[in-house]
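This report refers to the structure that appears directly beneath it.
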Amino acid sequence: MYHCQFCKTKIKEPFLDLGNQPLCNKFIKNKSEFLREKKYPLAVMFCPNCKLVQLTCRLPTRIAFDKDFNYLTGANKDGKTYFNKLATKLYKKYKLTNGNFIVDIGSNDGTFLSDFKSLGITTVLGVDPARKPAKIANSKGIKTINKSFEESVDEIIKITNGKIHIITAFNVLAHTYDLNKFMRGIYKIMRHNKNATFISQSHYLPNLIRKFEYDTIYHEHSRYYSVTSLKNIFQKYNLYINTVFPVNFYGGSILVYSSLYKNPSRSVLKFISSEEKYSNLQIYQKFGLQVEVKRKKLISLLNKLKKQNMKIVGIGAPMKSTTLLNYCNIGTNILDYITEVNEFKIGTYSPGMHIKIVNDNNLQNNPPDAALILSWNISKTVISKLKKKGYTGKFIVPIPTPIIISAAL
């Protein structure tokens with residue numbers, strides 16, 4: 001028997017069990033560390049009361065985001081473009097001027113806040129518990145508190161003198177360990193400026209289910225949200241969702257604008273109305289069965305190519321690649337190596353399956369017959385980039401249904 005992370009309702013069992021898995025972003029530096037690698041249960045359940053989908057096992061922040069956490073927002077070209085456009089949009093929408101504080105929770109390497117500084121807004125503040133990204137942000141002149149948000153609330157209020165205009169949190173509501181404590185912190189900050197706006201972005205649960213994005217389930221994401229579940233959570237803390245935008249980012253996300261004032265747009269009502277079927281356990285149980293079918297198809301496809309003596313490599317090592325590789329048992333028997341552009345990952349080994357991570361240039365120096373695109377959410381960009389560099393082999397896109405794409409097309 002389990003209990004809901006938010007409302008404490010009893011939950012009998014998970015609807016999908018992905019087995020024991022390593023932390024998705026804990027890449028291994030030396031082979032000697034293989035045997036010491038830790039794994040934790042990775043299973044997902046649904047709360048019939050607050051409608052929240054969540055992991056059965058959530059890990060403390062100090063474990064999930066330790067000193068080796070090495071995801072960098074600035075390493076993703078598409079991500080940089082997205083955040084740049086969003087910063088410009090918010091700058092114009094709220095008629096921001098210097099003195100209007102913008103606080104970004106989970107600010108990583110400061111990429112998003114840097115865009116505001118380029119627009120003339122120097123009153124920015126980042127908060128991130130991961131040491132490496134926070135250090136990079138501070139070196140760029142983006143003041144960043146290297147702690148969890150929950151530990152930083154009073155410090156944030158002191159630094160900003162309560163003059164916060166916008167609070168942003170991109171994929172942070174999934175990351176935070178104690179959701180109730182996090183929301184209490186948001187409410188405490190917003191009371192100092194009742195006209196403040198809280199903007200959160202979350203991977204959209206219905207997209208995850210519809211598109212079989214099972215690899216986006218990992219320990220660092222303790223929860224998966226619909227507008228319905230967010231509404232239930234926010235209202236407990238006197239926060240109201242007023243606008244929702246669908247975003248074609250990270251496999252499909254929602255950008256949610258909320259405040260202490262209730263003024264919902266049609267978009268909110270439309271989303272909630274469309275989510276009725278996601279309030280029933282049956283749809284998640286069906287999803288769990290279908291994921292197993294998708295897993296078998298991918299394994300079969302890769303084994304078929306290996307029997308043809310094809311050399312296969314992985315392209316990109318995002319966090320979700322760990323879930324995919326471990327759940328499908330794709331190791332060095334299938335992939336010769338995985339390419340990356342993130343300097344912190346190059347030269348390491350993938351969590352769990354221990355596949356060597358190499359520089360992106362290796363693809364040109366030693367071209368494979370087939371490339372498994374692990375960053376499938378930007379597959380169009382990846383395919384276009386590799387074609388321009390002269391790659392002529394096959395592409396394998398694993399999600400939502402494994403397919404092979406010829407470079408000639």
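Residues in the structure tokens are numbered from 1 in each chain, the chains being A, B, ... in the order shown, and ligands are numbered from 1 in the order shown.
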
- prompt: Excluding same-chain residues fewer than 3 positions from Leu335 of chain A, what lies within 7 Å of it counting only C-alpha atoms, as a PyMOL selection string?
  reply: chain A and resi 312-314+331-332

Store the residues picked out above, limited to N, CA and C atoms, as a PDB file, in the first residue's frame.
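Contents of again14.pdb, freshly written:
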ATOM      1  N   ILE A 312      25.514   0.041 -34.600  1.00  0.00           N
ATOM      2  CA  ILE A 312      24.505   0.992 -34.117  1.00  0.00           C
ATOM      3  C   ILE A 312      25.101   1.829 -32.989  1.00  0.00           C
ATOM      4  N   VAL A 313      24.799   3.124 -33.000  1.00  0.00           N
ATOM      5  CA  VAL A 313      25.231   4.006 -31.909  1.00  0.00           C
ATOM      6  C   VAL A 313      24.032   4.811 -31.420  1.00  0.00           C
ATOM      7  N   GLY A 314      24.165   5.414 -30.253  1.00  0.00           N
ATOM      8  CA  GLY A 314      23.113   6.275 -29.716  1.00  0.00           C
ATOM      9  C   GLY A 314      23.459   7.729 -29.969  1.00  0.00           C
ATOM     10  N   GLY A 331      22.303  -2.343 -24.083  1.00  0.00           N
ATOM     11  CA  GLY A 331      23.639  -2.089 -23.562  1.00  0.00           C
ATOM     12  C   GLY A 331      24.689  -2.074 -24.648  1.00  0.00           C
ATOM     13  N   THR A 332      25.925  -2.419 -24.266  1.00  0.00           N
ATOM     14  CA  THR A 332      27.040  -2.408 -25.209  1.00  0.00           C
ATOM     15  C   THR A 332      26.925  -3.528 -26.243  1.00  0.00           C
TER      16      THR A 332
END

query: Could you name the residues that touch Val153 of chain A at 10 Å or less, counting only C-alpha atoms, but leaving out those on the same chain fewer than 3 positions away, as a list in words?
result: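 With the cut-off at 10 Å, the set is Val127, Ser148, Phe149, Glu150, Ile156, Ile157, Lys158, Phe182, Arg184, Gly185, Ile186, Lys188 and Ile189 of chain A.
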
With N, CA and C atoms kept, could you save the residues just selected as a PDB file, in the first residue's frame?
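Just written: part14.pdb:
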ATOM      1  N   VAL A 127      17.768  30.161  -8.463  1.00  0.00           N
ATOM      2  CA  VAL A 127      17.823  29.238  -7.322  1.00  0.00           C
ATOM      3  C   VAL A 127      17.990  27.835  -7.885  1.00  0.00           C
ATOM      4  N   SER A 148      18.186  24.289  -2.416  1.00  0.00           N
ATOM      5  CA  SER A 148      16.844  23.982  -2.886  1.00  0.00           C
ATOM      6  C   SER A 148      15.947  25.184  -2.622  1.00  0.00           C
ATOM      7  N   PHE A 149      14.883  25.310  -3.370  1.00  0.00           N
ATOM      8  CA  PHE A 149      13.964  26.435  -3.186  1.00  0.00           C
ATOM      9  C   PHE A 149      13.398  26.466  -1.774  1.00  0.00           C
ATOM     10  N   GLU A 150      13.036  25.290  -1.272  1.00  0.00           N
ATOM     11  CA  GLU A 150      12.421  25.219   0.054  1.00  0.00           C
ATOM     12  C   GLU A 150      13.338  25.774   1.144  1.00  0.00           C
ATOM     13  N   ILE A 156      15.408  34.491  -0.457  1.00  0.00           N
ATOM     14  CA  ILE A 156      14.871  35.100  -1.676  1.00  0.00           C
ATOM     15  C   ILE A 156      14.135  36.393  -1.340  1.00  0.00           C
ATOM     16  N   ILE A 157      13.300  36.338  -0.314  1.00  0.00           N
ATOM     17  CA  ILE A 157      12.521  37.514   0.100  1.00  0.00           C
ATOM     18  C   ILE A 157      13.452  38.645   0.551  1.00  0.00           C
ATOM     19  N   LYS A 158      14.529  38.280   1.253  1.00  0.00           N
ATOM     20  CA  LYS A 158      15.482  39.283   1.746  1.00  0.00           C
ATOM     21  C   LYS A 158      16.223  39.948   0.584  1.00  0.00           C
ATOM     22  N   PHE A 182       6.915  23.054  -0.932  1.00  0.00           N
ATOM     23  CA  PHE A 182       7.245  23.922  -2.061  1.00  0.00           C
ATOM     24  C   PHE A 182       6.142  24.952  -2.283  1.00  0.00           C
ATOM     25  N   ARG A 184       3.890  26.007  -0.178  1.00  0.00           N
ATOM     26  CA  ARG A 184       3.843  26.961   0.940  1.00  0.00           C
ATOM     27  C   ARG A 184       4.863  28.068   0.724  1.00  0.00           C
ATOM     28  N   GLY A 185       6.033  27.708   0.171  1.00  0.00           N
ATOM     29  CA  GLY A 185       7.065  28.692  -0.116  1.00  0.00           C
ATOM     30  C   GLY A 185       6.635  29.663  -1.205  1.00  0.00           C
ATOM     31  N   ILE A 186       5.992  29.147  -2.258  1.00  0.00           N
ATOM     32  CA  ILE A 186       5.499  30.008  -3.331  1.00  0.00           C
ATOM     33  C   ILE A 186       4.477  31.004  -2.779  1.00  0.00           C
ATOM     34  N   LYS A 188       4.113  32.068   0.296  1.00  0.00           N
ATOM     35  CA  LYS A 188       4.765  33.022   1.216  1.00  0.00           C
ATOM     36  C   LYS A 188       5.420  34.155   0.434  1.00  0.00           C
ATOM     37  N   ILE A 189       6.070  33.828  -0.687  1.00  0.00           N
ATOM     38  CA  ILE A 189       6.725  34.845  -1.514  1.00  0.00           C
ATOM     39  C   ILE A 189       5.696  35.756  -2.178  1.00  0.00           C
TER      40      ILE A 189
END

query: Quick one: distance from atom CA of Ile355 of chain A to atom CA of Gly19 of chain A in Å, one decimal?
result: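 Between atom CA of Ile355 of chain A and atom CA of Gly19 of chain A the gap is 19.2 Å.
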
- request: Tell me which of A:Tyr177, A:Phe271, A:Phe212, A:Phe101 sits closest to Lys163 of chain A, counting only C-alpha atoms.
  value: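 That would be A:Phe101, the residue with the smallest distance to Lys163 of chain A.
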
Could I get the residues of segment 314-363 of chain A with an atom no further than 12 Å from an atom of segment 248-261 of chain A, each paired with its nearest atom pair and that distance in Å to one decimal, using only C-alpha atoms, sorted by chain and residue number, as CSV?
residue,atom,partner,partner_atom,distance
A:Pro318,CA,A:Tyr250,CA,10.8
A:Met319,CA,A:Tyr250,CA,11.3
A:Lys320,CA,A:Tyr250,CA,10.3

Suppose we keep N, CA and C atoms; can you now write the selection as a CSV table (one decimal), in the first residue's frame?
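After the write, part_35.csv holds the following:
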chain,number,residue,atom,x,y,z
A,318,PRO,N,20.3,12.4,-23.1
A,318,PRO,CA,19.4,13.1,-22.2
A,318,PRO,C,19.0,12.3,-21.0
A,319,MET,N,18.4,12.8,-20.0
A,319,MET,CA,18.0,12.1,-18.8
A,319,MET,C,17.1,10.9,-19.1
A,320,LYS,N,16.2,11.1,-20.1
A,320,LYS,CA,15.2,10.1,-20.4
A,320,LYS,C,15.9,8.9,-21.1
